[in-house]
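start.txt follows; it contains compact mmCIF, C-alpha atoms and all ligand atoms.
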```txt
# COMPACT_ATOMS: atom_id res chain seq x y z
CA MET A 1 -1.73 -4.94 -1.84
CA ASN A 2 1.90 -4.53 -2.89
CA CYS A 3 3.85 -1.42 -1.86
CA ARG A 4 3.66 1.14 -4.69
CA LEU A 5 7.31 2.10 -4.10
CA CYS A 6 9.24 -1.11 -3.33
CA SER A 7 6.65 -3.78 -4.36
CA SER A 8 6.88 -5.51 -0.95
CA LYS A 9 3.87 -7.59 0.04
CA LYS A 10 4.28 -6.59 3.70
CA THR A 11 1.69 -3.82 3.69
CA ARG A 12 -1.27 -3.04 5.92
CA VAL A 13 -3.92 -0.37 6.38
CA ILE A 14 -2.47 2.23 8.72
CA TYR A 15 -5.37 4.66 8.47
CA PRO A 16 -8.92 3.69 7.41
CA GLY A 17 -10.19 7.22 6.66
CA PRO A 18 -11.95 9.59 6.44
CA ILE A 19 -9.63 11.98 4.58
CA ARG A 20 -9.77 15.66 3.66
CA SER A 21 -11.45 16.41 0.31
CA GLY A 22 -9.97 19.87 -0.35
CA GLY A 23 -8.42 22.94 1.29
CA VAL A 24 -8.67 24.00 4.93
CA GLY A 25 -12.31 23.81 6.03
CA SER A 26 -13.40 21.31 3.36
CA ALA A 27 -15.41 18.15 4.08
CA PHE A 28 -13.89 14.84 5.23
CA ILE A 29 -14.77 11.94 2.93
CA ASP A 30 -14.81 8.13 3.13
CA GLY A 31 -13.82 5.59 0.49
CA PHE A 32 -10.04 5.95 0.79
CA THR A 33 -7.54 4.24 3.08
CA VAL A 34 -3.85 4.83 3.71
CA ILE A 35 -1.61 1.78 3.27
CA GLY A 36 1.80 1.54 4.94
CA CYS A 37 4.75 -0.63 3.87
CA GLU A 38 6.60 -2.37 6.70
CA ASP A 39 9.68 -2.87 4.54
CA CYS A 40 10.47 0.59 3.14
CA GLY A 41 8.27 2.83 5.30
CA PHE A 42 6.31 4.28 2.38
CA ALA A 43 2.64 5.13 2.90
CA PHE A 44 0.14 5.69 0.11
CA LEU A 45 -3.48 6.49 -0.61
CA ASP A 46 -5.71 3.72 -1.91
CA PRO A 47 -7.34 3.89 -4.37
CA ILE A 48 -5.66 6.57 -6.52
CA PRO A 49 -8.42 9.06 -7.40
CA GLU A 50 -9.62 8.94 -11.01
CA ASN A 51 -8.89 11.50 -13.76
CA LEU A 52 -5.75 12.83 -12.04
CA ASP A 53 -4.29 14.46 -15.17
CA ARG A 54 -7.46 16.44 -15.75
CA PHE A 55 -7.57 17.37 -12.05
CA TYR A 56 -4.19 19.15 -12.32
CA GLU A 57 -4.43 20.39 -15.92
CA THR A 58 -7.67 22.30 -15.33
CA HIS A 59 -8.46 24.76 -12.53
CA GLU A 60 -10.15 21.93 -10.56
CA TYR A 61 -7.26 21.23 -8.16
CA ARG A 62 -6.61 24.87 -7.31
CA GLU A 63 -10.31 25.58 -6.92
CA LYS A 64 -10.69 22.71 -4.48
CA PHE A 65 -7.55 23.37 -2.42
CA ASP A 66 -6.87 27.11 -2.73
CA TYR A 67 -10.42 28.30 -3.55
CA GLU A 68 -9.03 31.31 -5.46
CA PHE A 69 -6.60 30.45 -8.23
CA SER A 70 -5.56 33.57 -10.14
CA PRO A 71 -1.74 33.99 -10.19
CA ALA A 72 -2.17 37.03 -7.90
CA SER A 73 -4.09 35.04 -5.27
CA ILE A 74 -1.56 32.16 -5.42
CA HIS A 75 1.26 34.69 -4.94
CA LYS A 76 -0.51 36.24 -1.96
CA LYS A 77 -0.88 32.82 -0.33
CA TYR A 78 2.57 31.33 -1.06
CA ASP A 79 5.10 34.14 -1.65
CA HIS A 80 6.18 34.08 2.01
CA GLU A 81 7.32 30.45 1.70
CA GLN A 82 9.98 31.43 -0.86
CA ASN A 83 12.10 33.37 1.67
CA GLU A 84 13.18 30.23 3.52
CA ARG A 85 13.68 28.23 0.30
CA ILE A 86 15.97 30.86 -1.23
CA GLN A 87 17.89 31.28 2.01
CA ARG A 88 18.50 27.52 2.25
CA ILE A 89 19.69 27.24 -1.35
CA GLY A 90 21.64 30.53 -1.21
CA ILE A 91 21.44 33.33 -3.76
CA GLN A 92 25.17 32.83 -4.41
CA ASN A 93 24.37 29.29 -5.63
CA LEU A 94 21.58 30.51 -7.94
CA ARG A 95 23.38 33.37 -9.69
CA GLY A 96 24.13 32.63 -13.33
CA LYS A 97 22.56 29.16 -13.10
CA THR A 98 19.84 27.38 -15.05
CA VAL A 99 17.08 26.53 -12.60
CA LEU A 100 14.19 24.17 -13.37
CA ASP A 101 11.21 23.98 -11.00
CA LEU A 102 9.02 20.86 -11.11
CA GLY A 103 5.47 21.89 -10.21
CA ALA A 104 6.11 25.59 -10.63
CA SER A 105 2.51 26.66 -9.91
CA ALA A 106 2.12 30.41 -10.59
CA GLY A 107 5.91 30.91 -10.60
CA VAL A 108 6.15 31.62 -6.87
CA PHE A 109 9.75 30.37 -6.60
CA LEU A 110 11.00 31.09 -10.14
CA ASP A 111 9.73 34.68 -10.17
CA ALA A 112 11.65 35.33 -6.96
CA ILE A 113 15.00 34.10 -8.35
CA LYS A 114 14.58 35.25 -11.96
CA ALA A 115 16.88 38.26 -11.61
CA VAL A 116 19.93 36.26 -10.44
CA ALA A 117 19.40 33.02 -12.41
CA ASP A 118 20.63 32.82 -15.98
CA GLN A 119 17.66 30.78 -17.23
CA THR A 120 14.49 29.61 -15.51
CA ILE A 121 12.37 26.67 -16.62
CA ALA A 122 8.85 26.04 -15.32
CA VAL A 123 7.33 22.56 -15.43
CA GLU A 124 3.67 22.88 -14.53
CA PRO A 125 0.66 20.92 -15.81
CA GLY A 126 -1.85 23.57 -14.69
CA GLU A 127 -2.97 25.30 -17.88
CA ILE A 128 -4.29 28.23 -15.85
CA PHE A 129 -0.67 29.28 -15.13
CA ARG A 130 0.82 28.63 -18.59
CA GLU A 131 0.35 32.11 -20.04
CA TYR A 132 1.55 33.79 -16.85
CA LEU A 133 4.73 31.67 -16.70
CA ILE A 134 5.58 32.35 -20.36
CA ASP A 135 4.89 36.09 -19.95
CA LYS A 136 7.32 36.16 -17.02
CA GLY A 137 10.09 34.78 -19.25
CA HIS A 138 10.28 31.24 -17.90
CA ARG A 139 10.64 28.43 -20.45
CA TYR A 140 7.54 26.34 -20.05
CA TYR A 141 6.64 22.63 -20.19
CA PRO A 142 3.51 20.92 -18.86
CA TYR A 143 5.23 17.70 -17.68
CA PRO A 144 8.79 16.56 -16.80
CA GLU A 145 8.84 14.23 -19.82
CA ASP A 146 8.23 17.24 -22.10
CA ALA A 147 11.31 19.01 -20.69
CA ILE A 148 13.35 15.78 -21.02
CA SER A 149 12.24 15.38 -24.67
CA ALA A 150 13.38 18.97 -25.32
CA ASN A 151 16.83 18.06 -23.89
CA GLU A 152 16.63 20.60 -21.07
CA LEU A 153 19.51 20.36 -18.58
CA ALA A 154 19.62 22.45 -15.41
CA ASP A 155 22.23 23.24 -12.75
CA ILE A 156 19.52 23.14 -10.09
CA VAL A 157 16.22 21.26 -10.16
CA THR A 158 13.77 22.21 -7.42
CA SER A 159 10.44 20.73 -6.43
CA PHE A 160 8.54 22.07 -3.46
CA ASP A 161 5.58 20.09 -2.11
CA VAL A 162 4.77 18.36 -5.40
CA ILE A 163 6.06 14.75 -5.14
CA GLU A 164 3.27 13.83 -2.70
CA HIS A 165 0.82 14.45 -5.58
CA VAL A 166 2.32 12.24 -8.31
CA PRO A 167 1.27 8.62 -9.04
CA ASP A 168 4.88 7.38 -9.40
CA PRO A 169 7.26 9.21 -7.03
CA GLY A 170 10.25 6.98 -7.90
CA GLU A 171 9.87 7.96 -11.56
CA PHE A 172 9.61 11.62 -10.50
CA VAL A 173 13.06 11.42 -8.82
CA ARG A 174 14.53 9.66 -11.88
CA GLN A 175 13.13 12.46 -14.09
CA ALA A 176 14.78 15.08 -11.85
CA PHE A 177 18.08 13.21 -12.30
CA LYS A 178 17.72 13.22 -16.09
CA LEU A 179 17.06 16.98 -16.08
CA LEU A 180 20.27 17.79 -14.14
CA LYS A 181 23.72 18.51 -15.51
CA PRO A 182 26.56 16.47 -13.95
CA GLY A 183 27.41 18.11 -10.60
CA GLY A 184 23.90 19.57 -10.38
CA THR A 185 21.69 19.78 -7.30
CA PHE A 186 18.15 18.53 -6.69
CA VAL A 187 16.23 20.29 -3.91
CA LEU A 188 13.07 18.48 -2.87
CA SER A 189 10.52 19.17 -0.14
CA MET A 190 7.34 17.41 0.92
CA PRO A 191 5.12 16.91 4.01
CA ASN A 192 6.74 14.83 6.76
CA PHE A 193 5.04 11.64 7.90
CA ASP A 194 6.88 11.99 11.24
CA ASP A 195 5.14 15.32 11.96
CA LEU A 196 4.79 15.86 15.72
CA LEU A 197 1.01 16.35 15.40
CA LEU A 198 0.58 12.83 14.02
CA ARG A 199 1.80 11.62 17.44
CA VAL A 200 0.32 14.04 19.94
CA GLN A 201 -3.02 14.83 18.29
CA LYS A 202 -3.61 11.84 16.04
CA ALA A 203 -7.41 11.64 16.32
CA ALA A 204 -8.02 15.17 15.09
CA PHE A 205 -4.99 15.56 12.84
CA ASP A 206 -5.22 12.29 10.84
CA PRO A 207 -8.34 13.23 8.80
CA PHE A 208 -6.78 16.64 8.05
CA PHE A 209 -3.27 15.42 7.21
CA PHE A 210 -4.40 12.60 4.93
CA GLN A 211 -6.05 14.15 1.91
CA ILE A 212 -7.30 13.29 -1.53
CA ALA A 213 -4.58 15.17 -3.46
CA HIS A 214 -1.74 13.52 -1.52
CA LEU A 215 -1.17 10.05 -2.93
CA ASN A 216 2.20 9.58 -1.17
CA TYR A 217 3.42 10.03 2.43
CA PHE A 218 7.12 10.19 3.22
CA GLY A 219 9.12 10.05 6.43
CA LYS A 220 12.89 9.99 6.87
CA LYS A 221 12.99 6.19 6.66
CA VAL A 222 11.59 5.90 3.13
CA ILE A 223 13.95 8.38 1.46
CA SER A 224 16.66 5.80 0.76
CA MET A 225 14.12 3.63 -1.12
CA LEU A 226 12.71 6.69 -2.90
CA PHE A 227 16.18 7.50 -4.28
CA GLU A 228 17.15 3.86 -4.93
CA GLY A 229 18.00 3.34 -8.58
CA SER A 230 17.52 7.04 -9.39
CA GLY A 231 21.18 7.65 -10.15
CA PHE A 232 21.63 9.95 -7.15
CA PRO A 233 23.85 8.97 -4.24
CA LEU A 234 22.06 9.00 -0.85
CA PRO A 235 20.70 12.54 -0.34
CA LYS A 236 21.07 14.85 2.64
CA ILE A 237 17.83 14.69 4.63
CA GLY A 238 16.79 17.88 6.44
CA PHE A 239 13.57 19.21 7.90
CA LEU A 240 11.51 22.36 7.50
CA HIS A 241 8.81 23.45 9.92
CA LYS A 242 6.34 25.92 8.45
CA TYR A 243 4.30 26.78 11.54
CA GLY A 244 4.74 28.61 14.83
CA ILE A 245 3.98 27.16 18.27
CA GLU A 246 0.43 28.54 18.17
CA ASN A 247 -0.37 25.93 15.53
CA LEU A 248 0.64 23.15 17.93
CA ILE A 249 -1.36 24.68 20.79
CA ARG A 250 -4.36 25.20 18.52
CA TRP A 251 -4.41 21.57 17.34
CA CYS A 252 -3.92 20.20 20.85
CA LYS A 253 -6.58 22.42 22.39
CA TYR A 254 -9.20 22.73 19.63
CA GLY A 255 -8.32 19.91 17.20
CA SER A 256 -8.30 22.25 14.20
CA PRO A 257 -5.94 24.68 12.44
CA GLY A 258 -6.00 28.41 13.07
CA ALA A 259 -5.08 31.01 15.68
CA VAL A 260 -5.33 30.71 19.46
CA PRO A 261 -7.01 33.87 20.81
CA GLU A 262 -5.79 33.16 24.37
CA ALA A 263 -2.20 33.01 23.12
CA ALA A 264 -2.31 36.25 21.13
CA GLY A 265 0.96 38.13 21.67
CA LEU A 266 2.51 35.50 23.95
CA PHE A 267 5.05 34.17 21.46
CA ASP A 268 7.10 36.60 19.42
CA GLU A 269 9.05 36.01 16.22
CA ALA A 270 12.29 35.20 18.08
CA PHE A 271 10.52 32.53 20.16
CA ASN A 272 9.07 30.93 17.05
CA ARG A 273 12.42 31.04 15.27
CA HIS A 274 13.94 28.94 18.07
CA TYR A 275 10.85 26.72 18.24
CA ARG A 276 11.13 25.95 14.52
CA ILE A 277 14.85 25.21 14.77
CA GLU A 278 14.24 22.73 17.60
CA ILE A 279 11.30 21.02 15.87
CA GLU A 280 13.46 20.68 12.75
CA ARG A 281 16.36 19.30 14.82
CA SER A 282 14.03 16.67 16.33
CA GLY A 283 12.93 15.42 12.90
CA MET A 284 9.25 16.03 13.78
CA ALA A 285 8.84 19.09 11.54
CA SER A 286 5.96 19.57 9.11
CA HIS A 287 8.15 19.02 6.02
CA LEU A 288 11.17 17.13 4.77
CA PHE A 289 13.78 19.22 2.95
CA ILE A 290 16.08 17.06 0.88
CA VAL A 291 19.20 17.94 -1.11
CA ALA A 292 20.67 15.45 -3.59
CA LYS A 293 23.80 15.96 -5.70
CA LYS A 294 24.31 14.42 -9.12
CA ASP A 295 27.90 13.19 -9.43
CA TYR A 296 30.22 14.59 -12.10
ZN ZN B 1 7.69 -0.47 0.39
```

Please express the file's structure as structure tokens.
Ligand SMILES: [Zn+2]
Amino acid sequence: MNCRLCSSKKTRVIYPGPIRSGGVGSAFIDGFTVIGCEDCGFAFLDPIPENLDRFYETHEYREKFDYEFSPASIHKKYDHEQNERIQRIGIQNLRGKTVLDLGASAGVFLDAIKAVADQTIAVEPGEIFREYLIDKGHRYYPYPEDAISANELADIVTSFDVIEHVPDPGEFVRQAFKLLKPGGTFVLSMPNFDDLLLRVQKAAFDPFFFQIAHLNYFGKKVISMLFEGSGFPLPKIGFLHKYGIENLIRWCKYGSPGAVPEAAGLFDEAFNRHYRIEIERSGMASHLFIVAKKDY
């Protein structure tokens, strides 16, 4: 099978399954493999699950992966992740700007920056969030091509943990480029294929990490190919680690996510702050955090 990103024929099965079928605690299922490309470093799920558009347009995806899917329950689960995102971008860089978020979900990021941004644009196929996003004053489009057709142009395009879900990630980056004004910034995050747990606890972590909604797997190596031909110069590749050290201990000791009762109270916030910084510095963090600038 040819690489879905660079078309190279030098691909092989790097993980035969099983993979996770939904959110934390869901069943592991067979019938899917993960293919890796020796040329560009891309890894991808095979086959692509059927009826993907319907999966994301209805409540089906959120029901499977988040269980509860009202805007309020999505906010409760993901609001805390916005602190780090806003800090990295900087409020001073958002004030007065037009900000477009690809895969806006229930507005978790856009709601948080609405007061300083001039205009906010939500691109989100999930119809369950449409009314909420419009009520909050965000301009709304289901898909990137809809925003492009409407001639939207933003100072900042963001996309947090969305590109791993799309059938054509190269096209997704090219769409982000089209939606940016000259001099604009694209901020992109996604799970990291060089995650420490994929090395030290492979047997237990593989079936959890590889999952039916993630068609694409990216490490640092593949980013240059991902951005090739997009119009962007080579982006700045950074890392973001979302978990404290208890998560690492938990996986290594029990082979599953969650808390470690024996470690309760051992590691305070300051410890975990340093732990996260060091994991990010090593490149083995849970997520990639990429910043690309469109030239003037
Ligand atoms: Zn490739």

query: Residues at most 9 Å from ligand ZN 1 (chain B), using all atoms listed in the file? Could they come as a PyMOL selection string?
result: chain A and resi 2-11+36-43+222+225

task: May I ask which of the residues A:Leu94, A:Val99, A:Gly126, A:His214 is the closest one to Phe69 of chain A, counting all atoms listed in the file?
output: A:Gly126

Per residue of segment 162-257 of chain A within 6 Å of segment 271-292 of chain A, record the nearest atom pair and its distance in Å to one decimal, counting all atoms listed in the file, with rows in chain order and ascending residue number, as CSV.
```
residue,atom,partner,partner_atom,distance
A:Thr185,CA,A:Ala292,CA,5.8
A:Phe186,CA,A:Ala292,CA,5.0
A:Val187,CA,A:Val291,CA,4.7
A:Leu188,CA,A:Ile290,CA,5.0
A:Ser189,CA,A:Phe289,CA,4.5
A:Met190,CA,A:His287,CA,5.4
A:Pro191,CA,A:His287,CA,4.2
A:Asn192,CA,A:His287,CA,4.5
A:Asp194,CA,A:Met284,CA,5.3
A:Asp195,CA,A:Met284,CA,4.6
A:Leu196,CA,A:Met284,CA,4.9
A:Pro235,CA,A:Ala292,CA,4.4
A:Lys236,CA,A:Val291,CA,5.2
A:Ile237,CA,A:Ile290,CA,4.8
A:Gly238,CA,A:Phe289,CA,4.8
A:Phe239,CA,A:Leu288,CA,4.5
A:Leu240,CA,A:His287,CA,5.0
A:His241,CA,A:Ala285,CA,4.7
A:Gly244,CA,A:Asn272,CA,5.4
```

query: Skipping near chain neighbours, those fewer than 6 positions away, what residues fall within 10 Å of Arg54 of chain A using only C-alpha atoms, listed as a list in words?
result: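 Neighbouring residues, sequence-local ones excluded: Glu60, Tyr61, Pro125 and Gly126 of chain A.
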
query: In Å, how far is it from atom CA of Val123 of chain A to atom CA of Glu145 of chain A?
result: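 Rounded to one decimal, the two atoms are 9.5 Å apart.
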
message: Please list, as a PyMOL selection string, the residues that have an atom at most 6 Å away from (12.3, 22.4, -18.4) in the coordinates of this file, counting all atoms listed in the file.
response: chain A and resi 100+121-123+141+147+152

Keeping only C-alpha atoms, write those residues as a PDB file, in the frame of the given file.
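And here is the file that came out, out-v1.pdb:
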```
ATOM      1  CA  LEU A 100      14.190  24.170 -13.370  1.00  0.00           C
ATOM      2  CA  ILE A 121      12.370  26.670 -16.620  1.00  0.00           C
ATOM      3  CA  ALA A 122       8.850  26.040 -15.320  1.00  0.00           C
ATOM      4  CA  VAL A 123       7.330  22.560 -15.430  1.00  0.00           C
ATOM      5  CA  TYR A 141       6.640  22.630 -20.190  1.00  0.00           C
ATOM      6  CA  ALA A 147      11.310  19.010 -20.690  1.00  0.00           C
ATOM      7  CA  GLU A 152      16.630  20.600 -21.070  1.00  0.00           C
TER       8      GLU A 152
END
```

query: What is the distance, in Å and to one decimal place, between atom CA of Ile48 of chain A and atom CA of Ala27 of chain A?
result: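 About the pair atom CA of Ile48 of chain A and atom CA of Ala27 of chain A: they are 18.5 Å apart.
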
Point (16.2, 15.3, -22.9) neighbourhood (12 Å, only C-alpha atoms) written as a PyMOL selection string: chain A and resi 144-154+175-181

field: Contacts of Thr58 of chain A at 10 Å (all atoms listed in the file; same-chain gap of 5+ positions) as an MDAnalysis selection string
entry: chainID A and resid 53 63 125:129

- prompt: Between atom CA of Phe109 of chain A and atom CA of Ile86 of chain A, what is the spacing in Å?
  reply: 8.2 Å

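Comparing A:His138, A:Lys293, A:Arg130, A:Lys221 by their smallest distance to His59 of chain A, the closest is A:Arg130 (using only C-alpha atoms).
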
- request: May I ask which of the residues A:Lys64, A:Asp30, A:Ile245, A:Tyr15 is the closest one to Asp268 of chain A, counting all atoms listed in the file?
  value: A:Ile245

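Among the candidate residues A:Leu198, A:Val260, A:Ile163, A:Val173, the one lying nearest to Lys294 of chain A is A:Val173, with distances computed using all atoms listed in the file.
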
Polymer residues at most 10 Å from Phe227 of chain A, all atoms listed in the file, same-chain spacing of 4 or more positions, as a PyMOL selection string: chain A and resi 169-174+222-223+231-235+292

Around all listed atoms of segment 134-137 of chain A, padded 4 Å per side, what centre and edge lengths does the axis-aligned box have in Å to one decimal, as lines of an AutoDock Vina configuration file?
```
center_x = 7.5
center_y = 34.3
center_z = -18.7
size_x = 13.2
size_y = 11.8
size_z = 11.3
```

task: Can you work out which one of A:Pro49, A:Gly219, A:Gly90, A:Pro257 has the shortest atom-to-atom distance to Val24 of chain A, counting all atoms listed in the file?
output: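 Closest to Val24 of chain A, using all atoms listed in the file: A:Pro257.
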